[in-house]
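Colleague: File follows, final01.txt with compact mmCIF, C-alpha atoms:
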# COMPACT_ATOMS: atom_id res chain seq x y z
CA MET A 1301 67.63 73.23 93.64
CA PHE A 1302 68.73 72.00 90.22
CA ILE A 1303 71.85 73.54 88.74
CA ALA A 1304 72.82 73.82 85.09
CA SER A 1305 76.32 73.01 83.84
CA LYS A 1306 78.30 75.38 81.63
CA GLU A 1307 77.55 73.17 78.61
CA THR A 1308 73.83 73.21 79.32
CA ILE A 1309 73.84 76.99 79.74
CA SER A 1310 75.70 77.44 76.44
CA LYS A 1311 73.37 75.11 74.58
CA PHE A 1312 70.30 76.88 75.92
CA LEU A 1313 71.63 80.36 75.16
CA GLU A 1314 72.49 79.34 71.58
CA ASN A 1315 69.00 78.05 70.89
CA SER A 1316 66.78 79.95 73.31
CA LEU A 1317 63.42 81.19 72.12
CA VAL A 1318 64.38 84.64 73.42
CA HIS A 1319 65.83 87.15 70.97
CA LYS A 1320 69.58 87.35 71.40
CA GLU A 1321 70.37 90.67 69.83
CA SER A 1322 71.58 92.37 72.98
CA GLU A 1323 73.39 91.46 76.18
CA ARG A 1324 70.19 92.26 78.02
CA ASP A 1325 68.39 89.59 75.95
CA LYS A 1326 71.06 87.07 76.94
CA PHE A 1327 70.48 87.97 80.57
CA VAL A 1328 66.75 87.37 80.04
CA ALA A 1329 67.44 84.01 78.34
CA ARG A 1330 69.70 82.99 81.21
CA THR A 1331 66.94 83.85 83.66
CA VAL A 1332 64.46 81.72 81.68
CA LEU A 1333 66.88 78.80 82.03
CA GLY A 1334 67.08 79.50 85.78
CA TYR A 1335 63.32 79.28 86.08
CA ILE A 1336 63.26 76.10 83.97
CA CYS A 1337 65.74 74.56 86.44
CA GLN A 1338 63.64 75.73 89.37
CA TYR A 1339 60.32 74.51 87.96
CA LEU A 1340 61.87 71.23 86.83
CA PHE A 1341 63.10 70.71 90.39
CA GLU A 1342 59.60 71.45 91.76
CA PHE A 1343 58.01 69.15 89.16
CA THR A 1344 60.35 66.30 90.11
CA LYS A 1345 59.81 66.79 93.85
CA ILE A 1346 56.03 66.97 93.47
CA HIS A 1347 55.87 63.79 91.39
CA GLN A 1348 58.27 62.07 93.73
CA THR A 1349 55.86 62.86 96.54
CA MET A 1350 52.65 62.11 94.68
CA ASN A 1351 53.54 59.00 92.69
CA PRO A 1352 53.40 56.49 95.55
CA LEU A 1353 50.07 57.91 96.67
CA GLN A 1354 48.57 57.61 93.20
CA VAL A 1355 49.38 53.94 92.71
CA PRO A 1356 46.31 51.82 93.52
CA ASP A 1357 46.83 48.60 95.49
CA ASP A 1358 46.41 46.33 92.49
CA TRP A 1359 49.01 48.15 90.42
CA ALA A 1360 52.63 47.18 90.22
CA PRO A 1361 54.64 48.66 93.11
CA TYR A 1362 56.27 52.04 92.70
CA THR A 1363 59.53 51.50 90.91
CA GLY A 1364 61.43 54.66 91.78
CA GLN A 1365 60.69 56.23 88.43
CA ILE A 1366 58.60 59.18 87.39
CA VAL A 1367 56.65 58.49 84.23
CA THR A 1368 55.49 61.65 82.51
CA CYS A 1369 55.28 63.11 79.01
CA ARG A 1370 56.48 66.07 76.96
CA GLU A 1371 53.08 67.71 77.16
CA ASP A 1372 53.16 67.78 80.98
CA LEU A 1373 56.71 69.15 81.06
CA ALA A 1374 55.81 71.76 78.45
CA MET A 1375 52.71 72.93 80.34
CA GLN A 1376 54.09 72.71 83.87
CA VAL A 1377 57.74 73.64 83.42
CA ILE A 1378 58.77 75.21 80.12
CA LEU A 1379 55.84 77.52 79.37
CA PRO A 1380 55.58 78.82 82.97
CA ALA A 1381 59.31 79.60 82.92
CA TYR A 1382 59.07 81.63 79.71
CA ASP A 1383 55.84 83.20 80.91
CA ARG A 1384 57.36 84.13 84.29
CA VAL A 1385 60.20 86.07 82.71
CA MET A 1386 58.70 87.37 79.50
CA GLY A 1387 55.01 87.77 80.29
CA SER A 1388 52.02 86.13 78.69
CA ALA A 1389 52.53 87.51 75.20
CA ILE A 1390 55.47 85.29 74.34
CA GLY A 1391 53.76 83.62 71.39
CA ILE A 1392 55.10 80.15 72.06
CA VAL A 1393 52.72 77.48 70.79
CA PRO A 1394 52.50 74.53 73.23
CA SER A 1395 52.16 71.97 70.42
CA GLU A 1396 55.38 73.28 68.85
CA LEU A 1397 57.15 72.81 72.17
CA VAL A 1398 56.05 69.19 72.22
CA GLU A 1399 56.54 68.26 68.58
CA GLU A 1400 59.42 70.53 67.57
CA HIS A 1401 62.33 72.26 69.30
CA PHE A 1402 64.26 69.03 69.79
CA TRP A 1403 67.16 71.06 71.20
CA LEU A 1404 64.93 72.03 74.11
CA TRP A 1405 64.24 68.39 75.05
CA SER A 1406 67.94 67.78 74.79
CA VAL A 1407 68.52 70.67 77.24
CA ILE A 1408 65.88 69.29 79.64
CA SER A 1409 67.61 65.91 79.47
CA GLU A 1410 70.97 67.58 80.20
CA ILE A 1411 69.57 69.43 83.23
CA PHE A 1412 68.48 66.07 84.67
CA ARG A 1413 71.93 64.65 83.92
CA ASP A 1414 73.62 67.68 85.51
CA ASN A 1415 71.68 66.80 88.67
CA LYS A 1416 72.42 63.06 88.70
CA LEU A 1417 69.10 62.00 87.24
CA GLN A 1418 68.33 60.31 83.95
CA MET A 1419 65.65 61.21 81.48
CA SER A 1420 64.77 58.62 78.87
CA GLN A 1421 62.23 58.84 76.11
CA SER A 1422 60.23 55.84 75.01
CA GLU A 1423 60.50 54.70 71.39
CA GLU A 1424 57.27 52.77 71.70
CA ALA A 1425 55.30 55.69 73.09
CA PRO A 1426 56.55 58.91 71.47
CA GLY A 1427 56.37 61.83 73.89
CA ALA A 1428 56.51 59.61 77.00
CA ILE A 1429 59.33 60.46 79.39
CA ILE A 1430 60.79 58.42 82.23
CA ILE A 1431 62.87 60.13 84.93
CA SER A 1432 64.97 57.93 87.15
CA GLY A 1433 68.08 58.02 89.26
CA PRO A 1434 69.49 57.73 92.76
CA LYS A 1435 67.67 60.81 93.99
CA ILE A 1436 64.28 59.35 93.08
CA LEU A 1437 63.49 57.33 96.18
CA ARG A 1438 60.32 55.65 97.21
CA LEU A 1439 58.72 57.45 100.14
CA LYS A 1440 57.81 55.36 103.15
CA MET B 298 60.81 77.92 101.86
CA PHE B 299 62.28 80.93 103.59
CA PRO B 300 60.99 81.69 107.12
CA ILE B 301 60.49 85.35 108.01
CA SER B 302 61.63 86.53 111.43
CA GLU B 303 59.12 87.97 113.88
CA LYS B 304 61.20 91.17 113.94
CA LEU B 305 60.92 91.68 110.17
CA TYR B 306 57.23 90.83 110.21
CA GLN B 307 56.58 93.46 112.89
CA LYS B 308 58.70 96.00 111.01
CA PHE B 309 56.78 95.34 107.83
CA MET B 310 53.42 95.73 109.55
CA GLU B 311 54.53 99.02 111.06
CA LEU B 312 56.05 100.41 107.88
CA LYS B 313 53.17 99.71 105.49
CA ALA B 314 52.60 102.09 102.65
CA PRO B 315 52.50 105.82 103.21
CA PRO B 316 48.93 107.00 103.97
CA ALA B 317 49.15 109.37 101.02
CA VAL B 318 48.81 106.43 98.68
CA GLY B 319 45.14 106.35 99.65
CA ILE B 320 44.57 102.64 99.33
CA VAL B 321 43.11 100.64 102.20
CA ILE B 322 44.97 97.39 102.70
CA THR B 323 43.81 94.99 105.38
CA PRO B 324 46.30 93.32 107.78
CA GLU B 325 45.53 89.99 106.07
CA GLU B 326 46.44 91.44 102.69
CA LEU B 327 49.64 92.85 104.14
CA ARG B 328 50.52 89.43 105.52
CA ALA B 329 49.85 87.91 102.10
CA ILE B 330 52.05 90.51 100.42
CA LEU B 331 54.94 89.81 102.79
CA GLY B 332 54.52 86.05 102.41
CA TYR B 333 54.47 86.11 98.62
CA LEU B 334 57.26 88.69 98.56
CA SER B 335 59.56 86.47 100.58
CA LEU B 336 58.62 83.41 98.48
CA ARG B 337 59.13 85.07 95.10
CA LEU B 338 62.25 86.95 96.18
CA TYR B 339 63.82 83.75 97.46
CA GLU B 340 62.91 82.01 94.22
CA PHE B 341 64.40 84.89 92.19
CA VAL B 342 67.72 84.73 94.05
CA ARG B 343 67.91 80.92 93.87
CA VAL B 344 67.03 80.90 90.17
CA HIS B 345 69.99 83.13 89.42
CA GLU B 346 72.20 81.23 91.82
CA CYS B 347 71.71 77.93 89.97
CA ILE B 348 73.21 79.55 86.86
CA MET B 349 75.85 81.56 88.71
CA LYS B 350 77.34 78.43 90.26
CA SER B 351 78.37 77.06 86.88
CA ALA B 352 79.49 80.42 85.59
CA ASN B 353 81.71 80.91 88.67
CA GLU B 354 80.05 84.20 89.40
CA THR B 355 79.83 85.32 93.00
CA GLU B 356 77.28 88.08 92.74
CA LEU B 357 74.05 88.90 91.00
CA VAL B 358 73.87 92.39 89.60
CA THR B 359 70.36 93.53 88.89
CA ASP B 360 68.24 96.63 89.28
CA ARG B 361 64.93 97.86 90.61
CA ASP B 362 63.24 97.65 87.22
CA THR B 363 64.06 93.94 86.95
CA VAL B 364 63.01 93.07 90.51
CA ALA B 365 59.82 95.10 90.09
CA ARG B 366 58.96 93.25 86.87
CA TRP B 367 59.93 89.71 87.87
CA VAL B 368 59.10 89.76 91.59
CA VAL B 369 56.86 92.62 92.71
CA ALA B 370 54.39 92.40 89.81
CA THR B 371 53.89 88.68 90.50
CA VAL B 372 53.41 89.34 94.21
CA LEU B 373 50.67 91.88 93.48
CA GLU B 374 48.89 89.42 91.23
CA GLU B 375 49.14 86.59 93.73
CA ALA B 376 47.94 88.79 96.59
CA GLY B 377 44.95 89.83 94.49
CA LEU B 378 46.06 93.44 94.16
CA ASN B 379 46.44 93.64 90.39
CA ASP B 380 44.77 97.01 90.26
CA GLU B 381 46.89 98.51 93.01
CA GLU B 382 50.17 98.80 91.17
CA SER B 383 50.82 102.24 92.55
CA TYR B 384 50.77 100.76 96.03
CA LEU B 385 54.12 99.07 95.62
CA ASP B 386 55.54 100.85 92.63
CA ASN B 387 58.91 102.34 93.49
CA SER B 388 57.96 102.87 97.12
CA GLU B 389 61.04 103.37 99.27
CA TRP B 390 59.50 101.44 102.17
CA LEU B 391 59.08 98.42 99.90
CA TRP B 392 62.72 98.47 98.81
CA GLN B 393 63.72 98.68 102.45
CA VAL B 394 61.66 95.54 103.15
CA ILE B 395 63.20 93.77 100.13
CA LYS B 396 66.66 94.70 101.42
CA ASP B 397 65.84 93.31 104.88
CA LEU B 398 64.36 90.12 103.43
CA ILE B 399 67.41 89.43 101.29
CA SER B 400 69.68 90.02 104.30
CA GLU B 401 67.64 87.54 106.35
CA MET B 402 67.97 85.01 103.55
CA GLY B 403 71.72 85.03 104.15
CA TYR B 404 72.79 87.30 101.32
CA GLN B 405 74.53 90.63 101.34
CA ILE B 406 72.83 93.33 99.37
CA GLU B 407 74.22 96.62 98.16
CA THR B 408 72.07 99.23 96.57
CA SER B 409 73.29 102.29 94.79
CA PRO B 410 71.18 105.40 94.48
CA ALA B 411 69.91 106.54 91.14
CA SER B 412 72.80 108.16 89.37
CA GLY B 413 71.00 108.89 86.16
CA GLN B 414 73.68 106.85 84.42
CA GLY B 415 73.21 103.18 85.25
CA ILE B 416 76.11 100.73 84.93
CA MET B 417 77.36 97.96 82.65
CA THR B 418 78.26 94.68 84.42
CA ASN B 419 79.21 91.39 82.73
CA GLY B 420 78.12 92.97 79.48
CA VAL B 421 74.61 93.67 80.78
CA TRP B 422 73.27 97.15 81.11
CA HIS B 423 71.49 97.95 84.37
CA SER B 424 69.36 101.01 84.79
CA ASN B 425 69.17 103.30 87.79
CA PHE B 426 69.05 101.87 91.30
CA VAL B 427 71.52 99.04 90.82
CA ILE B 428 71.13 96.12 93.24
CA THR B 429 74.05 93.77 93.91
CA ILE B 430 73.34 90.51 95.77
CA ARG B 431 76.01 88.09 96.96
CA LYS B 432 76.06 85.14 99.34
CA SER B 433 76.94 86.27 102.83
CA THR B 434 80.21 84.83 104.12
CA ASN B 435 79.16 85.08 107.76
Now that the file is in, can you turn its structure into structure tokens?

Modeller:
Amino acid sequence: MFIASKETISKFLENSLVHKESERDKFVARTVLGYICQYLFEFTKIHQTMNPLQVPDDWAPYTGQIVTCREDLAMQVILPAYDRVMGSAIGIVPSELVEEHFWLWSVISEIFRDNKLQMSQSEEAPGAIIISGPKILRLK
Amino acid sequence: MFPISEKLYQKFMELKAPPAVGIVITPEELRAILGYLSLRLYEFVRVHECIMKSANETELVTDRDTVARWVVATVLEEAGLNDEESYLDNSEWLWQVIKDLISEMGYQIETSPASGQGIMTNGVWHSNFVITIRKSTN
């Protein structure tokens, strides 16, 4: 299970795509963050398991990193989390999640940091994301 | 993944929905409902727990409406019973199963009967049938 620090929670609640008029809305936003943490944990575990299997023999050996992209995280983590809590009519455009909402990518990065992992974004390949850290271990 | 005890499984299979509901559910569908219910309920509790840890909160205060919307509705969809909402909707036997499941997960659960008033906790309004979940100390 991934946890979120107080700072990460505050940052998400300030910027969340959920309306924040009422205390109930804040509760909903907090739950969305909970599901983001949960799905991010699942995403990391799944890729940690699958990556070594996907590397063909003639490729470079698995380096202990997960290489992914904003699009994958948006489709497999962020949108399902919003959808899970708010239903399908949330009106969030996937391309906007990828190209805008920089605060959200900053929150995702902080969740990884809160859980002793690092998320770095490539300058050469915009949108590419590399997740690494002591918890990412090569499976034998 | 949360394993369900044989005792709870048997209890669930015996309880089922009241016959008056008039919907035929096969034993396989019942098994699927219980499986998805335990999976989604566990996920729901853990999702809140990962936020509660940082906020130094020791209990999750929620209500039947919230659990029905975020857990039960998903279970119905995953079990292929989208059109059978009345089957699980506000059925007392279901809430008894949810209570038992949460207890088996190692949490204490308190439920208060509908007062017609609801309560305000941590600034959040909860409707009738308040559910309080906290980690069991045993």

Colleague: Find, counting only C-alpha atoms, the residue in B:Val342, B:Thr363, B:Ile430, B:Met310 that gets nearest to Met1386 in chain A.

Modeller: B:Thr363

Colleague: Extract, using all atoms listed in the file, all DNA, RNA and protein residues at most 9 Å from Leu305 in chain B, discarding same-chain residues fewer than 3 positions from it, and format them as a PyMOL selection string.

Modeller: chain B and resi 301-302+308-310+394+397-398+401

Colleague: Using CA of Ile1378 in chain A and CA of Gly332 in chain B as the two end points, give the distance in Å to one decimal.

Modeller: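 Pair CA of Ile1378 in chain A / CA of Gly332 in chain B returns 25.1 Å.
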
Colleague: Quick one: distance from CA of Tyr1382 in chain A to CA of Asn1315 in chain A in Å, one decimal?

Modeller: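 Separation of CA of Tyr1382 in chain A and CA of Asn1315 in chain A: 13.8 Å.
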
Colleague: Could you give me, as a tab-separated table (two decimals) with C-alpha atoms, in the coordinates of the input, the residues within 12 Å of Pro300 in chain B, counting only C-alpha atoms and dropping anything in the same chain fewer than 5 positions from it?

Modeller:
chain	number	residue	atom	x	y	z
B	305	LEU	CA	60.92	91.68	110.17
B	306	TYR	CA	57.23	90.83	110.21
B	331	LEU	CA	54.94	89.81	102.79
B	332	GLY	CA	54.52	86.05	102.41
B	333	TYR	CA	54.47	86.11	98.62
B	334	LEU	CA	57.26	88.69	98.56
B	335	SER	CA	59.56	86.47	100.58
B	336	LEU	CA	58.62	83.41	98.48
B	339	TYR	CA	63.82	83.75	97.46
B	398	LEU	CA	64.36	90.12	103.43
B	399	ILE	CA	67.41	89.43	101.29
B	401	GLU	CA	67.64	87.54	106.35
B	402	MET	CA	67.97	85.01	103.55
B	403	GLY	CA	71.72	85.03	104.15

Colleague: Could you check which of A:Val1328, A:Leu1340, A:Val1385, A:Gln1376 is closest to chain B, using only C-alpha atoms?

Modeller: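 For chain B, the nearest of the given residues is A:Val1385.
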
Colleague: Please, what distance in Å, to one decimal, runs between CA of Ser1395 in chain A and CA of Val372 in chain B?

Modeller: 29.5 Å

Colleague: Do me a favour and pick out the residues of chain A within 10 Å of chain B, using all atoms listed in the file, as a ChimeraX atom specification.

Modeller: /A:1301-1309,1322-1328,1330-1339,1384-1387

Colleague: Starting from 5 Å padding per side, set up an axis-aligned box that covers all listed atoms of range 1409-1416 of chain A and hand over centre and edge lengths in Å, one decimal, as JSON.

Modeller:
{"center_x": 70.6, "center_y": 66.2, "center_z": 84.1, "size_x": 16.0, "size_y": 16.4, "size_z": 19.2}

Colleague: Can you work out which one of A:Cys1369, A:Ile1346, A:Leu1313, A:Leu1397 has the shortest atom-to-atom distance to Met1419 in chain A, counting only C-alpha atoms?

Modeller: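 Among A:Cys1369, A:Ile1346, A:Leu1313, A:Leu1397, it is A:Cys1369 that comes nearest to Met1419 in chain A.
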